>>> print(open('protein.txt').read())   # compact mmCIF, C-alpha atoms
# COMPACT_ATOMS: atom_id res chain seq x y z
CA MET L 1 -2.71 -3.21 12.69
CA LYS L 2 -2.26 -6.21 14.97
CA LYS L 3 -0.38 -4.05 17.51
CA ILE L 4 -3.17 -1.44 17.48
CA LEU L 5 -5.83 -4.05 18.17
CA ILE L 6 -3.76 -5.61 20.98
CA SER L 7 -3.27 -2.14 22.54
CA ILE L 8 -6.99 -1.40 22.40
CA PHE L 9 -7.81 -4.79 23.93
CA THR L 10 -5.23 -4.26 26.70
CA LEU L 11 -6.65 -0.81 27.49
CA ALA L 12 -10.15 -2.23 27.68
CA LEU L 13 -9.01 -4.97 30.08
CA LEU L 14 -7.20 -2.42 32.24
CA ALA L 15 -10.31 -0.24 32.35
CA LEU L 16 -12.45 -3.19 33.44
CA SER L 17 -10.01 -4.28 36.12
CA ALA L 18 -9.78 -0.69 37.44
CA GLN L 19 -13.53 -0.43 38.06
CA PRO L 20 -14.71 -0.58 41.67
CA GLU L 21 -15.65 -4.04 42.88
CA GLY L 22 -19.28 -3.10 43.40
CA VAL L 23 -19.66 -2.00 39.79
CA LEU L 24 -18.23 -5.25 38.48
CA ALA L 25 -20.48 -7.23 40.81
CA ALA L 26 -23.52 -5.24 39.70
CA GLU L 27 -22.68 -5.85 36.07
CA ASN L 28 -22.46 -9.55 36.82
CA GLY L 29 -25.95 -9.52 38.34
CA ALA L 30 -24.85 -9.97 41.98
CA ASN L 31 -26.54 -8.05 44.79
CA ALA L 32 -23.92 -5.43 45.48
CA ASN L 33 -24.23 -2.22 47.39
CA ILE L 34 -23.11 0.37 44.90
CA SER L 35 -25.20 3.30 46.07
CA GLN L 36 -22.20 4.83 47.82
CA ASN L 37 -19.95 4.53 44.78
CA THR L 38 -19.92 7.82 42.88
CA GLU L 39 -17.14 7.05 40.39
CA THR L 40 -17.97 7.47 36.73
CA ILE L 41 -17.45 4.52 34.47
CA VAL L 42 -15.71 5.48 31.26
CA GLN L 43 -16.32 3.19 28.34
CA ILE L 44 -13.37 2.96 25.99
CA GLU L 45 -14.22 2.72 22.32
CA PRO L 46 -11.57 2.06 19.72
CA ALA L 47 -10.68 5.04 17.59
CA PRO L 48 -11.91 4.71 14.02
CA LEU L 49 -9.19 3.50 11.73
CA ALA L 50 -8.09 5.93 9.07
CA ASN L 51 -8.79 4.92 5.51
CA PRO L 52 -5.78 2.89 4.49
CA GLU L 53 -3.88 4.24 1.53
CA THR L 54 -4.00 2.36 -1.74
CA VAL L 55 -1.35 1.74 -4.35
CA GLN L 56 -3.59 3.59 -6.80
CA GLU L 57 -3.66 6.70 -4.57
CA ARG L 58 0.10 6.65 -4.13
CA LEU L 59 0.65 6.38 -7.90
CA LYS L 60 -1.82 9.24 -8.51
CA GLY L 61 0.13 11.37 -6.05
CA ILE L 62 3.45 10.60 -7.75
CA CYS L 63 2.01 11.41 -11.17
CA GLU L 64 0.43 14.64 -9.90
CA ASP L 65 3.74 15.67 -8.29
CA ASN L 66 5.30 15.30 -11.76
CA GLY L 67 2.58 17.25 -13.60
CA TYR L 68 0.50 14.31 -14.84
CA GLY L 69 -3.01 13.06 -14.17
CA GLU L 70 -4.79 9.80 -13.59
CA ALA L 71 -3.84 8.38 -17.01
CA CYS L 72 -0.21 8.35 -15.85
CA ALA L 73 -1.16 6.57 -12.62
CA LYS L 74 -3.08 3.96 -14.61
CA ASP L 75 -0.05 3.44 -16.89
CA LEU L 76 2.20 2.92 -13.87
CA PHE L 77 -0.39 0.66 -12.24
CA GLY L 78 -0.70 -1.45 -15.40
CA ILE L 79 3.08 -1.90 -15.52
CA LEU L 80 3.13 -2.77 -11.81
CA MET L 81 0.40 -5.39 -12.26
CA GLN L 82 2.06 -6.85 -15.36
CA GLU L 83 5.48 -7.01 -13.74
CA SER L 84 4.85 -8.04 -10.12
CA ARG L 85 1.08 -8.41 -9.68
CA GLY L 86 1.44 -5.88 -6.87
CA ASN L 87 4.11 -7.79 -4.95
CA ALA L 88 6.79 -5.44 -3.61
CA ASN L 89 9.09 -8.39 -2.96
CA ALA L 90 8.78 -9.97 -6.40
CA LEU L 91 11.99 -11.34 -7.87
CA GLY L 92 12.37 -12.14 -11.54
CA ASP L 93 14.73 -12.40 -14.51
CA HIS L 94 16.82 -15.09 -12.80
CA GLY L 95 17.27 -12.95 -9.68
CA MET L 96 18.13 -9.74 -11.52
CA ALA L 97 14.77 -7.90 -11.43
CA TYR L 98 13.30 -6.67 -8.18
CA GLY L 99 10.21 -5.13 -6.69
CA TRP L 100 6.98 -3.55 -7.78
CA PHE L 101 8.12 -2.74 -11.32
CA GLN L 102 10.69 -5.54 -11.73
CA ILE L 103 13.55 -3.12 -12.29
CA ASN L 104 16.42 -5.15 -13.73
CA ARG L 105 19.70 -4.55 -11.87
CA TYR L 106 21.80 -5.71 -14.82
CA TYR L 107 20.41 -3.03 -17.13
CA ASN L 108 19.87 -0.47 -14.36
CA PRO L 109 22.69 -0.90 -11.83
CA ASN L 110 22.04 2.58 -10.45
CA VAL L 111 18.74 1.38 -8.92
CA THR L 112 19.18 -0.26 -5.54
CA VAL L 113 17.10 -3.21 -4.39
CA ALA L 114 15.86 -0.98 -1.55
CA CYS L 115 14.49 1.46 -4.13
CA ALA L 116 12.97 -1.29 -6.26
CA VAL L 117 10.93 -2.67 -3.33
CA ASP L 118 9.86 0.81 -2.17
CA LEU L 119 6.66 1.87 -3.95
CA ASP L 120 7.40 5.59 -4.11
CA CYS L 121 11.05 5.24 -5.13
CA SER L 122 10.40 2.59 -7.78
CA ALA L 123 7.38 4.43 -9.20
CA GLU L 124 9.39 7.68 -9.41
CA TRP L 125 12.23 5.83 -11.16
CA THR L 126 9.82 4.09 -13.54
CA LEU L 127 8.13 7.36 -14.44
CA LYS L 128 11.50 9.02 -15.14
CA HIS L 129 12.50 5.98 -17.22
CA LEU L 130 9.25 6.24 -19.20
CA GLU L 131 9.90 9.94 -19.78
CA SER L 132 13.38 9.13 -21.09
CA LYS L 133 11.67 6.89 -23.65
CA GLY L 134 9.21 9.54 -24.86
CA TYR L 135 6.42 9.55 -22.27
CA PRO L 136 3.83 11.08 -22.45
CA THR L 137 4.08 11.87 -26.18
CA ALA L 138 4.82 8.25 -27.10
CA VAL L 139 2.99 6.38 -24.32
CA ASN L 140 3.02 2.91 -25.90
CA ARG L 141 6.66 3.13 -26.96
CA ALA L 142 7.69 4.27 -23.48
CA ILE L 143 5.74 1.42 -21.86
CA LEU L 144 7.21 -1.07 -24.31
CA CYS L 145 10.71 0.12 -23.44
CA HIS L 146 10.13 -0.49 -19.75
CA ASN L 147 10.38 -4.14 -20.71
CA GLY L 148 13.27 -3.96 -23.17
CA CYS L 149 11.94 -2.05 -26.22
CA GLY L 150 10.42 -4.90 -28.17
CA ILE L 151 11.21 -8.08 -26.28
CA SER L 152 7.49 -8.90 -26.10
CA LYS L 153 4.96 -7.93 -28.76
CA THR L 154 2.06 -8.29 -26.31
CA TYR L 155 3.59 -6.33 -23.40
CA VAL L 156 1.85 -2.99 -24.02
CA ALA L 157 -1.55 -4.62 -24.60
CA ASN L 158 -1.13 -6.64 -21.40
CA VAL L 159 -0.20 -3.51 -19.40
CA HIS L 160 -3.28 -1.64 -20.66
CA ALA L 161 -5.54 -4.66 -20.04
CA LYS L 162 -4.31 -5.09 -16.46
CA ALA L 163 -4.73 -1.37 -15.74
CA LYS L 164 -8.30 -1.53 -17.01
CA ALA L 165 -9.11 -4.77 -15.19
CA TYR L 166 -7.62 -3.93 -11.78
CA TRP L 167 -7.62 -0.14 -11.40
CA SER L 168 -11.02 -0.07 -9.69
CA GLN L 169 -9.98 -2.77 -7.20
CA PRO L 170 -8.20 -0.93 -4.36
CA MET L 171 -4.82 -2.47 -3.57
CA LEU L 172 -3.86 -1.58 -0.03
CA VAL L 173 -0.35 -0.46 0.77
CA THR L 174 0.42 -2.45 3.89
CA ALA L 175 2.98 -1.45 6.52
CA GLU L 176 5.31 -4.23 5.38
CA LEU L 177 5.21 -2.94 1.81
CA ALA L 178 5.04 0.81 2.28
CA LYS L 179 8.60 1.41 3.50
CA ASN L 180 7.66 5.08 4.09
>>> encode(input="protein.txt", output="structure tokens")
Amino acid sequence: MKKILISIFTLALLALSAQPEGVLAAENGANANISQNTETIVQIEPAPLANPETVQERLKGICEDNGYGEACAKDLFGILMQESRGNANALGDHGMAYGWFQINRYYNPNVTVACAVDLDCSAEWTLKHLESKGYPTAVNRAILCHNGCGISKTYVANVHAKAKAYWSQPMLVTAELAKN
């Protein structure tokens, strides 16, 4: 984003410096003879920025690709908020759990750190893990087992509460976090 704004600013400065001297003088209020100048002044306007993608949209897409709807995306989002509060670089469990969904490398050595910090890869893995624990037939059991099948009695309630509380607040996927 910063690079885009710098590029637009640089282009605008170049356009101003490329204008004929008489035009610049006339814009500054000086008495300049510009009647002989027939060049057209082109005003550069920044292109509108595309709507940035949100974590919620990405999770919806992953769930839809796997045959599920928005309820699945909300389940994944609730887990994400419970585990990392939306921080791709979160580190927990004494350095063993990484990323968006705090995937524990001790219990899941097949998941790389690169996957854990990548939203799409970690969400895909988490959804497959939930399915292996009975999702979507046994939603609460599958969610509970994301965090060790019974380690915390309040885990599922916290996941659902965070999904409900934060789903309507768009969480932008920034370039540093997107990895794709």
>>> closest_residue(input="protein.txt", among="L:Met96, L:Ala138, L:Met81, L:Leu172", to="Tyr155 in chain L", atoms="only C-alpha atoms")
L:Met81
>>> atom_distance(input="protein.txt", atom1="CA of Asn87 in chain L", atom2="CA of Val111 in chain L")
17.7 Å
>>> residues_around(input="protein.txt", residues="Ile103 in chain L", least_positions_apart="6", cutoff="10 Å", atoms="all atoms listed in the file", output="ChimeraX atom specification")
/L:83,91-93,96-97,109,111-113,115-117,122,125-126,146-147
>>> residues_around(input="protein.txt", residues="Phe77 in chain L", least_positions_apart="4", cutoff="12 Å", atoms="all atoms listed in the file", output="number ranges by chain")
L: 54-60, 62-63, 70-73, 81-86, 100-101, 119, 122-123, 126-127, 143, 158-171
>>> closest_residue(input="protein.txt", among="L:Val156, L:His129, L:Thr137, L:Asp75", to="Asn108 in chain L", atoms="only C-alpha atoms")
L:His129
>>> closest_residue(input="protein.txt", among="L:Ala114, L:Leu144, L:Pro136, L:Val173", to="Asn66 in chain L", atoms="only C-alpha atoms")
L:Pro136
>>> closest_residue(input="protein.txt", among="L:Gly61, L:Asn140, L:Leu80, L:Tyr98", to="Thr154 in chain L", atoms="only C-alpha atoms")
L:Asn140
>>> atom_distance(input="protein.txt", atom1="CA of Gly69 in chain L", atom2="CA of Lys128 in chain L")
15.1 Å
>>> atom_distance(input="protein.txt", atom1="CA of Tyr107 in chain L", atom2="CA of Tyr68 in chain L")
26.5 Å
>>> decode(input="protein.txt", residues="range 136-177 of chain L", atoms="C-alpha atoms", output="PDB file, in the first residue's frame")
ATOM      1  CA  PRO L 136     -20.007 -31.165  10.482  1.00  0.00           C
ATOM      2  CA  THR L 137     -22.134 -33.847  12.175  1.00  0.00           C
ATOM      3  CA  ALA L 138     -20.507 -33.289  15.569  1.00  0.00           C
ATOM      4  CA  VAL L 139     -19.562 -29.591  15.346  1.00  0.00           C
ATOM      5  CA  ASN L 140     -18.867 -28.993  19.045  1.00  0.00           C
ATOM      6  CA  ARG L 141     -16.862 -32.199  19.470  1.00  0.00           C
ATOM      7  CA  ALA L 142     -14.770 -31.389  16.385  1.00  0.00           C
ATOM      8  CA  ILE L 143     -14.095 -27.855  17.651  1.00  0.00           C
ATOM      9  CA  LEU L 144     -13.241 -29.178  21.102  1.00  0.00           C
ATOM     10  CA  CYS L 145     -10.741 -31.593  19.564  1.00  0.00           C
ATOM     11  CA  HIS L 146      -8.952 -28.782  17.763  1.00  0.00           C
ATOM     12  CA  ASN L 147      -7.685 -27.896  21.220  1.00  0.00           C
ATOM     13  CA  GLY L 148      -6.959 -31.377  22.549  1.00  0.00           C
ATOM     14  CA  CYS L 149     -10.369 -33.081  22.972  1.00  0.00           C
ATOM     15  CA  GLY L 150     -11.271 -31.913  26.442  1.00  0.00           C
ATOM     16  CA  ILE L 151      -8.310 -29.946  27.751  1.00  0.00           C
ATOM     17  CA  SER L 152     -10.573 -26.935  28.342  1.00  0.00           C
ATOM     18  CA  LYS L 153     -14.247 -27.175  29.283  1.00  0.00           C
ATOM     19  CA  THR L 154     -14.912 -23.614  28.096  1.00  0.00           C
ATOM     20  CA  TYR L 155     -13.110 -23.842  24.727  1.00  0.00           C
ATOM     21  CA  VAL L 156     -16.157 -24.490  22.521  1.00  0.00           C
ATOM     22  CA  ALA L 157     -18.236 -21.781  24.221  1.00  0.00           C
ATOM     23  CA  ASN L 158     -15.363 -19.316  23.814  1.00  0.00           C
ATOM     24  CA  VAL L 159     -14.991 -20.182  20.103  1.00  0.00           C
ATOM     25  CA  HIS L 160     -18.716 -19.633  19.476  1.00  0.00           C
ATOM     26  CA  ALA L 161     -18.719 -16.394  21.497  1.00  0.00           C
ATOM     27  CA  LYS L 162     -15.750 -14.967  19.590  1.00  0.00           C
ATOM     28  CA  ALA L 163     -17.286 -15.906  16.232  1.00  0.00           C
ATOM     29  CA  LYS L 164     -20.494 -14.135  17.211  1.00  0.00           C
ATOM     30  CA  ALA L 165     -18.711 -11.090  18.637  1.00  0.00           C
ATOM     31  CA  TYR L 166     -16.188 -10.503  15.835  1.00  0.00           C
ATOM     32  CA  TRP L 167     -17.638 -11.964  12.627  1.00  0.00           C
ATOM     33  CA  SER L 168     -19.243  -8.675  11.579  1.00  0.00           C
ATOM     34  CA  GLN L 169     -15.999  -6.745  12.125  1.00  0.00           C
ATOM     35  CA  PRO L 170     -13.998  -7.136   8.889  1.00  0.00           C
ATOM     36  CA  MET L 171     -10.449  -8.303   9.547  1.00  0.00           C
ATOM     37  CA  LEU L 172      -8.264  -7.300   6.631  1.00  0.00           C
ATOM     38  CA  VAL L 173      -5.772  -9.738   5.198  1.00  0.00           C
ATOM     39  CA  THR L 174      -2.691  -7.575   4.807  1.00  0.00           C
ATOM     40  CA  ALA L 175       0.128  -8.242   2.346  1.00  0.00           C
ATOM     41  CA  GLU L 176       2.433  -9.267   5.185  1.00  0.00           C
ATOM     42  CA  LEU L 177      -0.086 -11.839   6.399  1.00  0.00           C
TER      43      LEU L 177
END
